[in-house]
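In what follows, a single structure is set out as structure tokens and then discussed.
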Amino acid sequence: MYISELNLENYRVFKEKIKIEFNEGINVLIGQNNSGKTTLINALSILFDHSSSKSMSINDFSKNITIAELKEKPPEIKITAILEESEAEENYSDDLVTVSDWLIDLESPYKAKITYHYYLPEKELENYLEEINNLSSSNPNDYWQLIESKFLRKYKYNRYVGNPDHKNRLDSSDLKKFDFQFLSPIRDVERDLYSGSKTLLKEVIDFFMDYDIKTDNDLSDREKKEEIRKNKNKFNQDTKPLLKQLHQRMEAGKEEILKYADKTGASFDGSKPEFAGELLDTEMYSALKLMIEDKTGIQIPADQNGLGYNNLIYISLLLAKMQKDASGDYLGSNAKIYSILAIEEPEAHLHPNMQYLFLKFLNDNQEDEVRQIFISSHSPNITAAVDLDDLIVLNKNDISVKISYPGRVFSQKEDDQDSKKYIERFLDVTKSDMFFAEALIFVEGISESLLVPEFAKQMDKDLIDKHISIVNLGGRHFKHFLKLFDLEKNDAALNKKVACITDLDPVRRKNEENAKWKSCNPFAVNNDDQFEYKECSNATVDKYSESDGNIRIYTQEKGKSSTFEYDLLLSNPCNKDLITESMSNQDEIEKIMELAESDSSIDDILEVMNKNKFKKKLKKDLVNSNLEADELRKHIIAGRFLDSTSKAVVAQELAFKLISDDLEIKIPDYIKEAIKWIYPEP
Amino acid sequence: MDLSRAIELEDSDQLIGTENHFKLCAGPGAGKTRFLVNHIQNVIKNSKRLKKARKIACITYTNIGVETLADRLENSLDYVEISTIHSFLYKNVIKPYSWLLEDKYNLNIAEIDGHQDFIARISILKEWLRQTNQYVGDYAQLQKDMQKTVTYFEDEELKWKLKLPYESAVKFDSIIEYKKLCWQQGFLSHNDVLFLSHKIIKKYDEVREILRAKFPYIFVDEFQDTTPVQTEIIKKLAKKETIVGVIGDTAQSIYEFLGSSVESFINFELNDMLLYKIEDNRRSTEEIIGVLNNLRSNGNFQQSSPNNLSGEVPKILTGNFNSAYEYVDNLLEEDFYTLSYTNKATNMMRFKLEEYPEVMSLRDLLTEDSNSKRRELLFNIIKAVESAADKNFKDGLRYMLRAYRKSSNFTEKDGFRNLQRLINCYDEYKNLTLKKFHNDYLYNYFDTSDISRRIGNSGGPHDLYSNLKYNEVALTINLENDNSFYRTIHKAKGAEFDNLLLIIPSEEKECFMTFICDTDLENTESHRRYYVALSRTKKNLFVNLPGLDNREEEKLEEVGFRVDVV
């Protein structure tokens with residue numbers, strides 16, 4: 001059995017009825033701040049944590065309920081969970097027994113339902129409508145204030161099992177079979193570990209005390225209790241000499257203390273105060289401190305450990321406690337059947353490497369101690385470490401929240417499975433950012449990823465401000481990643497705008513058998529019959545060209561340009577600032593630019609160019625071109641530039657120049673368009 | 001059932017295997033409860049099938065049986081669900097799964113809240129007759145008759161009929177339509193629970209599987225009083241996974257009038273079921289066991305006292321029952337219990353009456369009131385007060401809450417306070433008429449506006465309730481859990497007393513003497529009834545008979561009594 005579904009209505013950020021589906025095992029909830037991750041975990045705790053408060057505050061109502069709606073009827077909150085049979089669940093399972101009264105679907109896989117309903121009782125309705133309709137204000141806060149001051153205390157909650165229409169109330173002993181442990185991001189580990197009468201450490205020690213006896217299958221319950229009692233007695237006897245020692249050491253002092261008792265009259269009638277007592281083993285647990293012993297044998301107390309380490313220790317102790325609570329051998333029918341662990345932002349105190357280790361640990365322990373895990377996170381490390389199937393992405397748009405399941409975007413078809421594998425393999429920490437950003441710009445390489453943000457700034461649009469991330473896919477494998485966002489194909493996809501900035505990369509091949517495609521100058525495309533040409537070799541470009549959805553492809557003008565750098569120079573043909581120190585052929589390019597600026601002839605330009613493969617090819621292409629000289633000059637510069645910028649460092653230098661020198665550069669049109677589209681309207 | 005082939009257990013402490021269906025026959029005083037407690041603990045200790053959430057279902061016949069077992073199983077209660085068959089089925093079948101039949105039977109599931117026997121509203125009856133094209137003139141009679149609906153099997157199909165005697169001529173086939181109308185309003189009787197549970201369990205394999213998952217063991221005590229429906233349900237569950245054990249005594253089956261049949265126990269058979277018997281009687285003295293054995297002349301079942309307890313010879317006291325009572329009272333220095341068959345005789349003993357007032361039962365009485373809400377209010381309040389007066393506060397509170405079920409603001413706390421109030425001024429109203437009781441002690445306390453109005457100075461309710469006195473009506477009350485010293489034989493089921501006086505009024509004498517002279521426990525329920533009565537006592541047994549001739553005295557002495565005139 002596992003919690004397969006949660007439905008919320010009017011609860012915090014979720015106004016519209018919304019359904020979130022969960023996986024068996026690990027669920028990682030990710031999304032921007034305030035997208036509802038914490039709310040989901042709270043909703044689970046309201047349903048499954050028998051110690052959680054069931055009352056709501058005024059702020060638990062969705063503030064998106066309109067005044068008109070408030071005037072029509074009192075707001076109410078509904079939270080529902082569905083539990084579903086696991087695929088390989090054994091017959092007559094404890095799980096089935098636990099939710100047997102909750103069932104709404106008996107056939108396999110069975111489904112059970114629990115509903116929380118927070119509402120204003122029927123008899124208050126008339127009063128409510130009168131008061132709320134007497135209020136005339138256009139400020140929603142006034143209405144909420146009225147509800148809080150006059151009606152909130154009259155609200156009631158009910159918990160129903162099965163079909164809520166049948167009004168079958170929850171038997172709270174059913175709920176005791178669930179263990180809900182919640183780890184908040186901010187916690188005082190030391191306090192939780194050591195203080196209070198029932199500390200975590202004490203509970204764990206108590207459980208694992210005499211563990212050999214408790215787990216001895218040859219002993220009956222009564223015999224186990226007897227054995228443990230013997231041990232306790234022995235401890236009690238053994239501590240007597242110690243107490244006697246204390247008595248002896250107090251002998252003289254006691255007289256002194258009790259002298260006052262005489263004087264105050266506290267001892268009358270021959271009776272007098274005395275010190276006595278015994279030592280129970282449980283009282284001595286507190287003497288056991290958690291020490292961390294390092295390789296050299298040096299011990300340091302746990303409270304001097306780093307926060308992160310202590311958090312791991314805390315979690316490991318918690319898991320030990322959960323194991324204890326689920327242990328049927330020790331607790332019999334009081335044992336927990338279904339344990340749920342909810343962790344908010346485990347990254348808060350954990351180093352990225354530890355985040356990864358921690359997740360791996362949870363994964364390994366998931367079957368035994370903890371049956372279902374919910375993690376809310378902002379951490380790309382965690383996102384990168386888990387399977388795509390485990391991810392649940394919350395994306396808030398205006399007043400509604402869209403839930404996406406990246407793992408479900410992929411069908412069983414080979415092509416889709418390949419994409420999924422590809423993504424899981426290449427989804428590193430930086431790329432994981434795509435799950436957290438508001439909108440995305442996919443680029444092919446380092447140059448775009450460095451320069452596009454700077455272009456945006458030039459346009460007075462700060463991408464970081466609007467949580468627009470640039471993801472460098474390091475190549476043209478857009479199609480795999482784009483499946484994650486293709487809402488037109490799959491409703492489970494992520495609801496984000498994605499602008500892909502990609503290159504046309506025109507190619508040609510000789511008209512002979514087995515000829516290979518080779519890149520070519522854009523102005524040469526279709527100029528002769530010796531070659532077969534493609535003005536665009538990039539499949540992505542045409543795939544999404546018709547789309548008016550959330551994915552748009554931005555690329556150079558077909559037949560006129562080829563790559564980012566090429567287009568940059570087409571737009572800024574004579575800007576010598578674009579020539580950076582690590583580029584090759586700097587002098588040559590500079591000369592060409594100068595000649596171009598003075599409208600020199602093509603032949604003059606060819607004259608200054610070094611003799612090489614590039615020039616040879618160029619010459620041929622020029623012969624067949626019927627472009628004006630003015631255009632051709634630009635293409636020569638752009639082509640030569642592109643041919644000289646193979647090193648990634650050139651992009652960095654360019655970016656650096658853009659930032660530091662306040663260069664005036666004309667932004668390539670397609671990039672301008674991309675930034676305009678992705679950037680939210682003011 | 002061939003008892004000669006039964007495995008004889010040493011005593012009730014002997015353990016048996018946990019993974020076989022079993023049937024145990026054990027007579028009075030054999031320690032059936034002790035056996036059951038031992039067996040349950042044995043299962044808890046050794047079963048590998050209980051795991052963490054599964055439980056042992058233990059079904060007993062009465063609420064007293066539930067409490068007795070719960071007391072003795074105190075440390076193991078986490079693993080055991082003890083209940084009567086009705087509460088067991090209500091909790092585990094009706095409540096969670098009745099929606100499966102929601103449409104078929106018009107069940108108003110949100111309104112159904114527990115089960116109790118009720119008087120149908122006239123409006124329901126009228127609607128039913130209209131729908132089914134029937135005519136009945138006397139609605140009050142019909143109301144009485146419709147309380148006698150019982151189920152029976154016709155070719156494995158469970159159907160409804162009326163139990164004799166009834167007067168209204170209604171088509172049995174149409175009773176189901178009447179039931180649907182009641183269910184639509186949320187009314188659910190005890191028999192309805194059995195009927196609907198059987199329908200659900202028969203139709204849905206998933207429900208059977210869930211019940212098997214919940215209860216890998218089901219034990220039924222007092223199985224001789226089980227009804228055919230109940231037996232069918234148990235048999236269906238026992239088909240796999242669930243191990244069933246039944247315990248009973250053919251000679252103690254006394255609930256035929258509620259549809260139970262001793263054959264259900266005799267013919268109960270499951271795959272690889274083991275048959276056991278215990279012939280011990282640890283309860284009674286050898287003198288009493290002697291009488292019981294003489295009356296139970298079945299060669300395969302003769303009890304003996306394992307500790308050779310010896311005591312006084314059981315005595316027949318002839319004469320007036322009040323003098324017999326005084327005689328025993330003077331003779332013994334200890335408390336003793338008085339048993340009789342009818343409510344009437346029991347109440348005459350309780351209230352020390354020479355003559356019995358002619359009143360109908362409370363239910364019948366109240367059918368005269370056409371206001372069903374007031375009817376239910378009075379009925380439940382009187383039951384609540386009488387239960388509480390008998391120190392049974394749990395039932396008292398239960399009836400009190402039921403009385404105000406239709407009042408929207410009545411809380412559990414209110415129920416407790418109201419009960420306390422009515423007990424405190426009991427002496428003030430016990431001799432008043434029901435009208436005064438209603439107007440001065442119920443009306444205007446708490447919120448009765450949804451339920452009842454003040455009874456005026458004329459009209460039907462005035463005529464009815466001005467003529468009934470509270471204490472006369474209270475007399476007819478039949479409390480489910482009777483803890484008093486004066487009980488009916490049925491209420492003494494499962495109980496044991498140190499000393500006992502059995503009252504046989506003149507109208508029962510002939511029947512009792514046939515029991516003595518011509519015992520037929522197998523076929524005559526009245527004989528089994530007296531057998532149950534005689535076997536309740538440990539030390540002293542007295543039977544009061546109005547008068548005997550010599551031949552009768554001889555017969556009684558032959559059986560093992562000594563006859564005294566008081």
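Going by the structure tokens order, chains are called A, B, ..., each with residues numbered from 1, while ligands are numbered from 1 in the order shown.
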For chain B versus chain A, which residues have an atom no more than 7 Å away, and what is each residue's nearest atom pair and distance in Å rounded to one decimal, using only C-alpha atoms, chain-then-number order, as a Markdown table?
```
| residue | atom | partner | partner_atom | distance |
| --- | --- | --- | --- | --- |
| B:Lys45 | CA | A:Ser220 | CA | 6.8 |
| B:Lys52 | CA | A:Ser333 | CA | 4.8 |
| B:Ala53 | CA | A:Asp94 | CA | 5.2 |
| B:Arg54 | CA | A:Asp94 | CA | 6.6 |
| B:Asp78 | CA | A:Ser333 | CA | 6.0 |
| B:Tyr79 | CA | A:Ser333 | CA | 6.4 |
| B:Pro96 | CA | A:Asp101 | CA | 4.9 |
| B:Ile109 | CA | A:His166 | CA | 5.3 |
| B:Ala110 | CA | A:His166 | CA | 4.4 |
| B:Glu206 | CA | A:Leu106 | CA | 6.0 |
| B:Ile210 | CA | A:Ser100 | CA | 6.8 |
| B:Ala213 | CA | A:Tyr92 | CA | 4.1 |
| B:Lys214 | CA | A:Val97 | CA | 5.2 |
```
I need the residues from that last selection saved to file as a JSON list (two decimals), in the first residue's frame (with N, CA and C atoms), if you can.
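Wrote again-v5.json, looks like this:
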```json
[["chain", "number", "residue", "atom", "x", "y", "z"],
["B", 45, "LYS", "N", 0.36, -16.46, 21.30],
["B", 45, "LYS", "CA", 1.76, -16.79, 21.54],
["B", 45, "LYS", "C", 2.37, -17.54, 20.35],
["B", 52, "LYS", "N", 1.05, -7.89, 12.52],
["B", 52, "LYS", "CA", 0.94, -6.69, 13.35],
["B", 52, "LYS", "C", -0.48, -6.14, 13.49],
["B", 53, "ALA", "N", -1.29, -6.36, 12.50],
["B", 53, "ALA", "CA", -2.60, -5.69, 12.55],
["B", 53, "ALA", "C", -3.77, -6.67, 12.61],
["B", 54, "ARG", "N", -3.51, -7.93, 12.34],
["B", 54, "ARG", "CA", -4.62, -8.88, 12.27],
["B", 54, "ARG", "C", -5.06, -9.28, 13.67],
["B", 78, "ASP", "N", -5.31, -6.30, 22.80],
["B", 78, "ASP", "CA", -4.85, -5.68, 21.57],
["B", 78, "ASP", "C", -5.00, -6.61, 20.37],
["B", 79, "TYR", "N", -5.02, -7.90, 20.65],
["B", 79, "TYR", "CA", -5.04, -8.86, 19.56],
["B", 79, "TYR", "C", -6.43, -9.44, 19.33],
["B", 96, "PRO", "N", -18.35, -0.42, 6.97],
["B", 96, "PRO", "CA", -17.43, -0.12, 5.87],
["B", 96, "PRO", "C", -17.92, -0.47, 4.46],
["B", 109, "ILE", "N", -26.89, 5.61, 3.75],
["B", 109, "ILE", "CA", -25.74, 5.25, 4.57],
["B", 109, "ILE", "C", -25.34, 6.34, 5.55],
["B", 110, "ALA", "N", -25.47, 7.59, 5.11],
["B", 110, "ALA", "CA", -25.08, 8.67, 6.01],
["B", 110, "ALA", "C", -26.01, 8.75, 7.22],
["B", 206, "GLU", "N", -14.30, -10.03, -2.47],
["B", 206, "GLU", "CA", -13.34, -9.09, -1.90],
["B", 206, "GLU", "C", -13.62, -8.86, -0.42],
["B", 210, "ILE", "N", -11.20, -9.56, 2.71],
["B", 210, "ILE", "CA", -10.81, -8.54, 3.69],
["B", 210, "ILE", "C", -11.06, -9.06, 5.10],
["B", 213, "ALA", "N", -8.47, -11.35, 5.97],
["B", 213, "ALA", "CA", -7.23, -10.62, 6.27],
["B", 213, "ALA", "C", -7.29, -10.06, 7.69],
["B", 214, "LYS", "N", -8.46, -9.54, 8.06],
["B", 214, "LYS", "CA", -8.58, -8.94, 9.39],
["B", 214, "LYS", "C", -8.59, -9.99, 10.50]]
```
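Near range 301-314 of chain B, within a cut-off of 8 Å and counting only C-alpha atoms, sit the residues B:Leu3, B:Gly27, B:Glu279, B:Asp280, B:Asn281, B:Arg282, B:Arg283, B:Ser284, B:Thr285, B:Glu286, B:Glu287, B:Ile288, B:Ile289, B:Asn293, B:Arg296, B:Ser297, B:Asn298, B:Lys539, B:Asn540, B:Leu541, B:Phe542, B:Gly560, B:Phe561, B:Arg562, with same-chain residues fewer than 3 positions away left out.
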Tyr341 in chain B environment, 8 Å, only C-alpha atoms, sequence neighbours closer than 6 positions dropped, as a ChimeraX atom specification: /B:488-490,504
Let's have the selection written as a compact mmCIF listing (two decimals), in the first residue's frame, with N, CA and C atoms.
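Contents of selection_33.txt, as written:
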```txt
# COMPACT_ATOMS: atom_id res chain seq x y z
N THR B 488 -34.60 -13.61 34.62
CA THR B 488 -35.20 -14.66 33.80
C THR B 488 -34.10 -15.67 33.47
N ILE B 489 -34.53 -16.86 33.08
CA ILE B 489 -33.55 -17.90 32.75
C ILE B 489 -32.66 -17.43 31.60
N HIS B 490 -33.29 -16.76 30.65
CA HIS B 490 -32.50 -16.31 29.51
C HIS B 490 -31.42 -15.31 29.92
N ILE B 504 -41.13 -22.19 39.70
CA ILE B 504 -42.00 -22.75 38.66
C ILE B 504 -43.44 -22.39 39.03
```
Can you list, as a PyMOL selection string, every protein, DNA or RNA residue that comes within 7 Å of range 445-457 of chain B when you count only C-alpha atoms, leaving out same-chain residues fewer than 2 positions away? chain B and resi 373-374+406-407+435+439+442-443+461-462
Dump as a PDB file, in the first residue's frame, selection limited to C-alpha atoms:
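See result05.pdb below for the written result:
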```pdb
ATOM      1  CA  LYS B 373     -40.505  10.793  18.088  1.00  0.00           C
ATOM      2  CA  ARG B 374     -42.232  11.102  21.459  1.00  0.00           C
ATOM      3  CA  LYS B 406     -33.315  13.501  16.841  1.00  0.00           C
ATOM      4  CA  SER B 407     -32.332  16.547  18.860  1.00  0.00           C
ATOM      5  CA  LYS B 435     -48.201  12.324  31.215  1.00  0.00           C
ATOM      6  CA  ASN B 439     -44.684  17.223  31.026  1.00  0.00           C
ATOM      7  CA  LEU B 442     -38.795  15.756  30.425  1.00  0.00           C
ATOM      8  CA  TYR B 443     -40.438  18.597  28.577  1.00  0.00           C
ATOM      9  CA  PRO B 461     -51.795  11.343  23.904  1.00  0.00           C
ATOM     10  CA  HIS B 462     -53.631  12.721  26.952  1.00  0.00           C
TER      11      HIS B 462
END
```
Contact residues around Lys179 in chain B with only C-alpha atoms at 12 Å, ignoring same-chain residues under 3 positions, as a tab-separated table (two decimals) with N, CA and C atoms, in the first residue's frame:
```
chain	number	residue	atom	x	y	z
B	104	LYS	N	-29.06	-1.03	-4.56
B	104	LYS	CA	-29.97	-2.17	-4.61
B	104	LYS	C	-31.03	-2.08	-3.52
B	105	TYR	N	-30.65	-1.61	-2.33
B	105	TYR	CA	-31.58	-1.62	-1.21
B	105	TYR	C	-31.91	-0.24	-0.67
B	106	ASN	N	-31.64	0.80	-1.46
B	106	ASN	CA	-31.94	2.17	-1.02
B	106	ASN	C	-31.36	2.51	0.35
B	107	LEU	N	-30.15	2.07	0.61
B	107	LEU	CA	-29.58	2.35	1.93
B	107	LEU	C	-29.20	3.83	2.04
B	108	ASN	N	-29.65	4.45	3.10
B	108	ASN	CA	-29.23	5.84	3.35
B	108	ASN	C	-28.06	5.79	4.31
B	118	PHE	N	-37.00	-1.19	16.15
B	118	PHE	CA	-37.78	0.05	16.17
B	118	PHE	C	-39.21	-0.24	15.73
B	120	ALA	N	-42.06	0.84	13.27
B	120	ALA	CA	-42.14	1.55	12.00
B	120	ALA	C	-43.13	2.70	12.09
B	124	ILE	N	-44.38	5.30	6.90
B	124	ILE	CA	-43.63	4.30	6.14
B	124	ILE	C	-44.56	3.15	5.75
B	125	LEU	N	-45.38	2.71	6.72
B	125	LEU	CA	-46.28	1.59	6.44
B	125	LEU	C	-47.26	1.94	5.32
B	127	GLU	N	-46.90	4.14	2.94
B	127	GLU	CA	-46.19	4.22	1.67
B	127	GLU	C	-45.92	2.81	1.13
B	128	TRP	N	-45.56	1.92	2.04
B	128	TRP	CA	-45.24	0.54	1.64
B	128	TRP	C	-46.49	-0.13	1.05
B	146	MET	N	-45.02	-5.91	12.22
B	146	MET	CA	-43.81	-5.67	11.43
B	146	MET	C	-42.54	-5.68	12.29
B	147	GLN	N	-42.75	-5.78	13.61
B	147	GLN	CA	-41.57	-5.99	14.45
B	147	GLN	C	-41.16	-7.44	14.48
B	149	THR	N	-40.46	-9.31	11.83
B	149	THR	CA	-39.83	-9.76	10.59
B	149	THR	C	-38.58	-10.58	10.92
B	150	VAL	N	-38.51	-11.76	10.31
B	150	VAL	CA	-37.33	-12.60	10.49
B	150	VAL	C	-36.89	-13.13	9.12
B	151	THR	N	-35.65	-13.58	9.07
B	151	THR	CA	-35.13	-14.09	7.81
B	151	THR	C	-35.21	-15.61	7.79
B	159	LYS	N	-34.48	-14.77	2.70
B	159	LYS	CA	-35.70	-13.99	2.48
B	159	LYS	C	-36.34	-13.58	3.80
B	160	TRP	N	-37.36	-12.73	3.67
B	160	TRP	CA	-38.05	-12.24	4.87
B	160	TRP	C	-39.41	-12.90	5.04
B	161	LYS	N	-39.81	-13.10	6.30
B	161	LYS	CA	-41.17	-13.52	6.60
B	161	LYS	C	-41.54	-12.95	7.96
B	172	PHE	N	-45.38	-11.86	2.04
B	172	PHE	CA	-43.99	-11.94	2.51
B	172	PHE	C	-43.01	-11.39	1.47
B	173	ASP	N	-43.34	-11.65	0.20
B	173	ASP	CA	-42.44	-11.18	-0.86
B	173	ASP	C	-42.25	-9.66	-0.84
B	174	SER	N	-43.24	-8.99	-0.25
B	174	SER	CA	-43.17	-7.53	-0.29
B	174	SER	C	-42.45	-6.95	0.92
B	175	ILE	N	-42.08	-7.80	1.87
B	175	ILE	CA	-41.45	-7.26	3.09
B	175	ILE	C	-40.15	-6.52	2.74
B	176	ILE	N	-39.46	-7.05	1.73
B	176	ILE	CA	-38.19	-6.40	1.35
B	176	ILE	C	-38.42	-4.94	0.95
B	182	CYS	N	-37.59	1.58	5.20
B	182	CYS	CA	-36.99	1.85	6.51
B	182	CYS	C	-35.53	2.23	6.35
B	183	TRP	N	-34.82	1.47	5.50
B	183	TRP	CA	-33.38	1.73	5.32
B	183	TRP	C	-33.15	3.10	4.71
B	184	GLN	N	-34.08	3.49	3.85
B	184	GLN	CA	-33.97	4.80	3.23
B	184	GLN	C	-33.98	5.91	4.28
B	185	GLN	N	-34.68	5.63	5.40
B	185	GLN	CA	-34.75	6.62	6.48
B	185	GLN	C	-33.64	6.41	7.50
B	186	GLY	N	-32.81	5.42	7.28
B	186	GLY	CA	-31.70	5.18	8.20
B	186	GLY	C	-32.02	4.23	9.35
B	187	PHE	N	-33.21	3.61	9.32
B	187	PHE	CA	-33.54	2.65	10.38
B	187	PHE	C	-32.95	1.28	10.05
B	188	LEU	N	-32.30	0.69	11.04
B	188	LEU	CA	-31.66	-0.61	10.80
B	188	LEU	C	-31.89	-1.48	12.04
B	189	SER	N	-32.58	-2.60	11.87
B	189	SER	CA	-32.84	-3.47	13.02
B	189	SER	C	-31.74	-4.52	13.14
B	191	ASN	N	-31.98	-7.75	12.95
B	191	ASN	CA	-32.07	-8.74	11.88
B	191	ASN	C	-31.63	-8.17	10.53
B	192	ASP	N	-31.83	-6.87	10.36
B	192	ASP	CA	-31.37	-6.23	9.12
B	192	ASP	C	-29.86	-6.35	8.99
B	193	VAL	N	-29.18	-6.21	10.13
B	193	VAL	CA	-27.72	-6.32	10.13
B	193	VAL	C	-27.31	-7.68	9.59
B	195	PHE	N	-29.14	-9.76	7.77
B	195	PHE	CA	-29.59	-9.92	6.39
B	195	PHE	C	-28.62	-9.24	5.42
B	196	LEU	N	-28.34	-7.96	5.68
B	196	LEU	CA	-27.48	-7.21	4.75
B	196	LEU	C	-26.04	-7.75	4.76
```
Expected answer as a VMD selection string: helix (DSSP H, G or I) residues in range 318-494 of chain A: chain A and resid 318 to 325 328 to 334 346 to 349 352 to 365 380 to 385 388 to 390 406 to 409 414 to 426 431 to 435 446 to 458 478 to 485
Can you write out as CSV which residues of range 11-74 of chain B fall within 8 Å of range 267-278 of chain B, alongside each residue's closest atom pair and its distance in Å to one decimal, counting only C-alpha atoms and ordering rows by chain and ascending residue number?
```
residue,atom,partner,partner_atom,distance
B:Asp11,CA,B:Ile278,CA,6.2
B:Ser12,CA,B:Ile278,CA,7.2
B:Asn20,CA,B:Met273,CA,6.3
B:His21,CA,B:Met273,CA,4.6
B:Phe22,CA,B:Leu274,CA,4.6
B:Lys23,CA,B:Leu275,CA,5.0
B:Leu24,CA,B:Tyr276,CA,4.6
B:Cys25,CA,B:Lys277,CA,4.7
B:Ala26,CA,B:Ile278,CA,5.0
B:Gly27,CA,B:Ile278,CA,7.3
B:Ala30,CA,B:Ile278,CA,6.4
```
Counting only C-alpha atoms, what is within 10 Å of range 550-553 of chain A, bar same-chain residues fewer than 2 positions away, as a PyMOL selection string? chain A and resi 439-442+482-483+485-488+494-503+540-548+555+670+674+677-678
Take the residues from that selection and put them in a file with C-alpha atoms, as a PDB file, in the first residue's frame.
```pdb
ATOM      1  CA  ALA A 439      11.523  30.102 -17.495  1.00  0.00           C
ATOM      2  CA  LEU A 440      14.396  28.694 -19.458  1.00  0.00           C
ATOM      3  CA  ILE A 441      16.686  29.530 -22.301  1.00  0.00           C
ATOM      4  CA  PHE A 442      18.328  26.464 -23.768  1.00  0.00           C
ATOM      5  CA  LEU A 482      12.386  19.437 -24.680  1.00  0.00           C
ATOM      6  CA  LYS A 483      10.166  16.398 -24.108  1.00  0.00           C
ATOM      7  CA  PHE A 485       8.364  20.628 -21.416  1.00  0.00           C
ATOM      8  CA  ASP A 486       6.193  19.593 -24.307  1.00  0.00           C
ATOM      9  CA  LEU A 487       2.786  20.200 -22.772  1.00  0.00           C
ATOM     10  CA  GLU A 488       1.107  19.750 -26.137  1.00  0.00           C
ATOM     11  CA  LEU A 494       6.580  20.994 -16.953  1.00  0.00           C
ATOM     12  CA  ASN A 495       4.696  24.181 -17.520  1.00  0.00           C
ATOM     13  CA  LYS A 496       7.495  26.611 -18.300  1.00  0.00           C
ATOM     14  CA  LYS A 497       8.417  28.780 -21.228  1.00  0.00           C
ATOM     15  CA  VAL A 498      11.470  27.413 -22.961  1.00  0.00           C
ATOM     16  CA  ALA A 499      13.302  29.457 -25.566  1.00  0.00           C
ATOM     17  CA  CYS A 500      15.823  27.410 -27.503  1.00  0.00           C
ATOM     18  CA  ILE A 501      18.617  29.383 -29.036  1.00  0.00           C
ATOM     19  CA  THR A 502      20.184  27.162 -31.612  1.00  0.00           C
ATOM     20  CA  ASP A 503      22.132  27.270 -34.832  1.00  0.00           C
ATOM     21  CA  THR A 540      14.975  20.799 -33.681  1.00  0.00           C
ATOM     22  CA  VAL A 541      14.413  23.966 -35.671  1.00  0.00           C
ATOM     23  CA  ASP A 542      11.644  22.573 -37.827  1.00  0.00           C
ATOM     24  CA  LYS A 543      10.213  20.282 -35.191  1.00  0.00           C
ATOM     25  CA  TYR A 544       8.873  23.083 -33.040  1.00  0.00           C
ATOM     26  CA  SER A 545       8.562  25.808 -35.690  1.00  0.00           C
ATOM     27  CA  GLU A 546       4.789  25.441 -35.837  1.00  0.00           C
ATOM     28  CA  SER A 547       4.392  25.365 -32.055  1.00  0.00           C
ATOM     29  CA  ASP A 548       2.691  28.244 -30.345  1.00  0.00           C
ATOM     30  CA  THR A 555      17.641  30.629 -34.762  1.00  0.00           C
ATOM     31  CA  TYR A 670      16.969  36.078 -33.275  1.00  0.00           C
ATOM     32  CA  ALA A 674      14.150  35.108 -27.855  1.00  0.00           C
ATOM     33  CA  TRP A 677       9.526  36.390 -25.725  1.00  0.00           C
ATOM     34  CA  ILE A 678      10.855  34.732 -22.633  1.00  0.00           C
TER      35      ILE A 678
END
```
Would you compute the distance between CA of Leu570 in chain A and CA of Glu681 in chain A? Give it in Å to one decimal.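 That distance, rounded to one decimal, is 29.0 Å.
One finds CA of Asn59 in chain A at 25.1 Å from CA of Ile392 in chain A.
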Pick out the closest residue to Leu502 in chain B from this set: B:Lys95, B:Lys148, B:Lys180, B:Arg529. Count only C-alpha atoms. B:Arg529
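Restricting the calculation to only C-alpha atoms, the smallest distance between Phe223 in chain B and any of B:Thr367, B:Thr132, B:Thr62, B:Thr342 is found for B:Thr62.
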To one decimal place in Å, what is the distance between CA of Glu124 in chain A and CA of Asn158 in chain A?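 CA of Glu124 in chain A sits 16.3 Å away from CA of Asn158 in chain A.
Compared by their closest atoms to Asn431 in chain B, and using only C-alpha atoms, the residues B:Gln230, B:Asn471, B:Asn343, B:Thr514 rank with B:Asn471 nearest.
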Among range 104-140 of chain A, which ones does DSSP assign to strand (DSSP E or B) (computed from the backbone)? Answer as a PyMOL selection string. chain A and resi 104-105+111-119
